[in-house]
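Note sheet for the following structure.
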Amino acid sequence: MHIRRADGWATRFGLIMAMAGNAIGLGNFLRFPGKAVPFGGAFMVPYLLALVLLGIPLMWMEWTIGRHGGGYGHGSTPGMFHRLWRHPIAKYLGIFGVLLPAMVGVYYIYIESWSLGYAWQTMTGSYWGQTSNEEMGRVFSTYLGMNGGFFSFNAVSYFFFLLTFALNIFVFSRGISKGIEIVAKYCMPTLLIIGVILAVRVLTLPPVEGRTISDGLAQLWRVDDWGVLLKSDVWIAAAGQIFFSLSVGLGMIHTYASYLKKREDITLSGLASCATNEFAEVILGGTIAIPAAVLFFGVAQAKLTASAGTFSLGFFALPVIFQQMPAGQLFGTLWFLLLFLAGLTSSMAMFTPLLVFLEDELQQTQKRSVMLVGAAVFLMMQPMVLFIHHGMVDEIDYWVGEFGLVLFAAIETVVFSWVFGMTKGWKEMHLGSDLKIPSFLYYVMKYVTPTFMILLVAWWAYDGLIDHVFMKGVAEASHPYRWLARFIILSMAAFLVWGVRHAWKTHPKFFEEVEPLQQEDAV
Amino acid sequence: MTVLSWLYMGVVWVGILALNIFCFLRIFRRNKTKDDAESRANGS
């Protein structure tokens with residue numbers, strides 16, 4: 001019998017902070033306001049509905065799939081899906097839950113390192129004096145080394161990338177209780193405290209040229225036209241934001257939950273991690289960037305900045321604002337530290353499914369798994385860094401961070417609710433629960449969530465899949481680099497297909513165990 | 001911001017804060033009950 005390594009969550013608080021940290025990322029502070037502003041206050045209606053009907057049910061399903069699979073000694077979704085559905089294809093469908101987070105991690109760590117680099121640059125005041133969005137845009141391009149050369153390379157940004165990469169490897173190489181849990185227990189409260197300090201600072205800013213902070217809040221909360229709710233855009237944007245925000249449909253929650261004991265609560269702990277994420281996103285994320293941008297630049301400019309992309313708000317506009325604020329260097333450093341901590345607590349979860357797949361299913365030692373993952377990921381990251389100006393990050397982000405995520409979420413809801421069966425799923429979810437889920441959510445999970453997910457995949461495929469396949473609108477010169485990005489994804493997928501075949505062939509007995517392991521003893 | 005906008009924002013904020021308080025209070029109480037039960041079992 002395969003004996004699972006002796007690791008797990010030391011405390012319930014650590015588990016919730018790690019799960020919340022996995023969910024709280026750069027998207028809470030940069031993506032959320034950017035998505036909400038175009039629709040005004042009406043956005044919050046589909047957002048909250050998507051949270052209740054899609055996000056929270058999916059989150060509970062993932063916790064349940066993870067704990068159920070963990071009971072059989074599986075820490076990643078190929079094995080977990082095999083336990084839910086005894087069909088040869090199930091384990092291959094589970095590959096998405098290893099592939100997607102690892103591929104997101106390949107570019108996410110680089111983006112995370114920008115926050116650390118900018119925290120340093122803000123603390124030292126190296127870009128002080130660049131007081132317009134355009135000038136800060138040039139600072140950003142220079143920081144990434146995008147100066148028209150063949151490679152996008154800057155020694156300073158590469159140094160911070162190496163530092164961030166090493167930190168991530170160090171954390172997840174120490175395992176759950178000694179690595180991820182410790183970081184989450186200290187970083188998450190620090191992140192929330194910094195967020196509250198920044199939110200209070202923004203809310204107490206004096207008027208600028210007749211504009212007040214309430215003008216900024218109005219962009220997120222004033223409803224000028226309820227009619228926008230009749231358009232599909234707002235519903236898709238809200239549902240997408242809930243996915244990204246809660247980090248569902250990626251496979252990371254499953255792996256964290258696989259370390260739980262059979263009768264350890266998941267309903268209340270899961271809801272607590274969601275609640276923490278919503279606090280960070282709606283209350284903190286909605287109060288810092290957009291209100292400050294409206295106050296200093298006016299409504300039109302702030303909306304333009306928000307629509308220009310996630311990074312223009314955080315890396316162009318806010319550094320300009322910090323230069324105009326009293327103690328701006330301090331608050332600017334805190335802002336980029338906040339983004340860095342949000343990034344770190346998410347990225348340290350991204351390679352854990354791959355690591356655990358190597359350990360559990362391919363039965364590699366932890367040391368060997370860490371070395372393999374570290375070396376492979378480092379190699380895959382190099383093209384992301386060196387050819388970022390050719391849109392390699394955008395290419396991978398579309399396939400794994402957008403389309404793949406929605407597709408995998410649809411697959412897992414169908415497998416859980418319709419194949420495994422909602423009656424069994426509901427019972428499994430409530431084993432040892434500290435919170436009885438309201439009965440209407442049983443029907444939501446059984447009918448609404450899977451149906452909505454299938455429709456969402458269909459819409460996603462209809463809206464731009466063909467254009468993406470044929471790289472419509474992409475400069476001819478960037479095509480080879482975009483193909484390289486696809487080759488990287490497909491290579492990783494091919495390795496995982498081989499890994500699953502190999503594992504099921506070489507030690508089939510591990511996958512035939514009928515009774516779950518007694519985790520109370522094993523963990 | 002209109003009065004209704006402030007009210008709208010307030011309701012959502014209070015809802016999120018209430019959900020956080022509900023979850024963490026319940027977890028804290030539950031942990032305390034479990035700890036007390038464990039210490040009673042160890043003592044007896």
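Letters for chains follow the order of the structure tokens (A, B, ...), residue numbers begin at 1 for each chain, and ligand numbers begin at 1 in the order shown.
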
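Contacts from chain B to chain A at a cut-off of 7 Å (only C-alpha atoms) map to Met1, Ser5, Met9, Trp13, Ile16, Leu19, Asn20, Cys23 and Phe24 of chain B.
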
Spatial neighbours of A:Pro88, max dist 12 Å, only C-alpha atoms, sep filter under 2 positions, as an MDAnalysis selection string:
chainID A and resid 78:79 81:86 90:94 500:501 504 511

State, in Å with one decimal place, the distance from atom CA of A:Ile437 to atom CA of A:Met61.
12.2 Å

Going by DSSP on the backbone, which bits of stretch 169-390 of chain A are alpha helix (DSSP H)? Write them as a ChimeraX atom specification, please.
/A:169-173,175,181-203,213-221,232-246,252-257,267-278,289-297,299-307,310-311,318-324,328-350,352-360,366-386
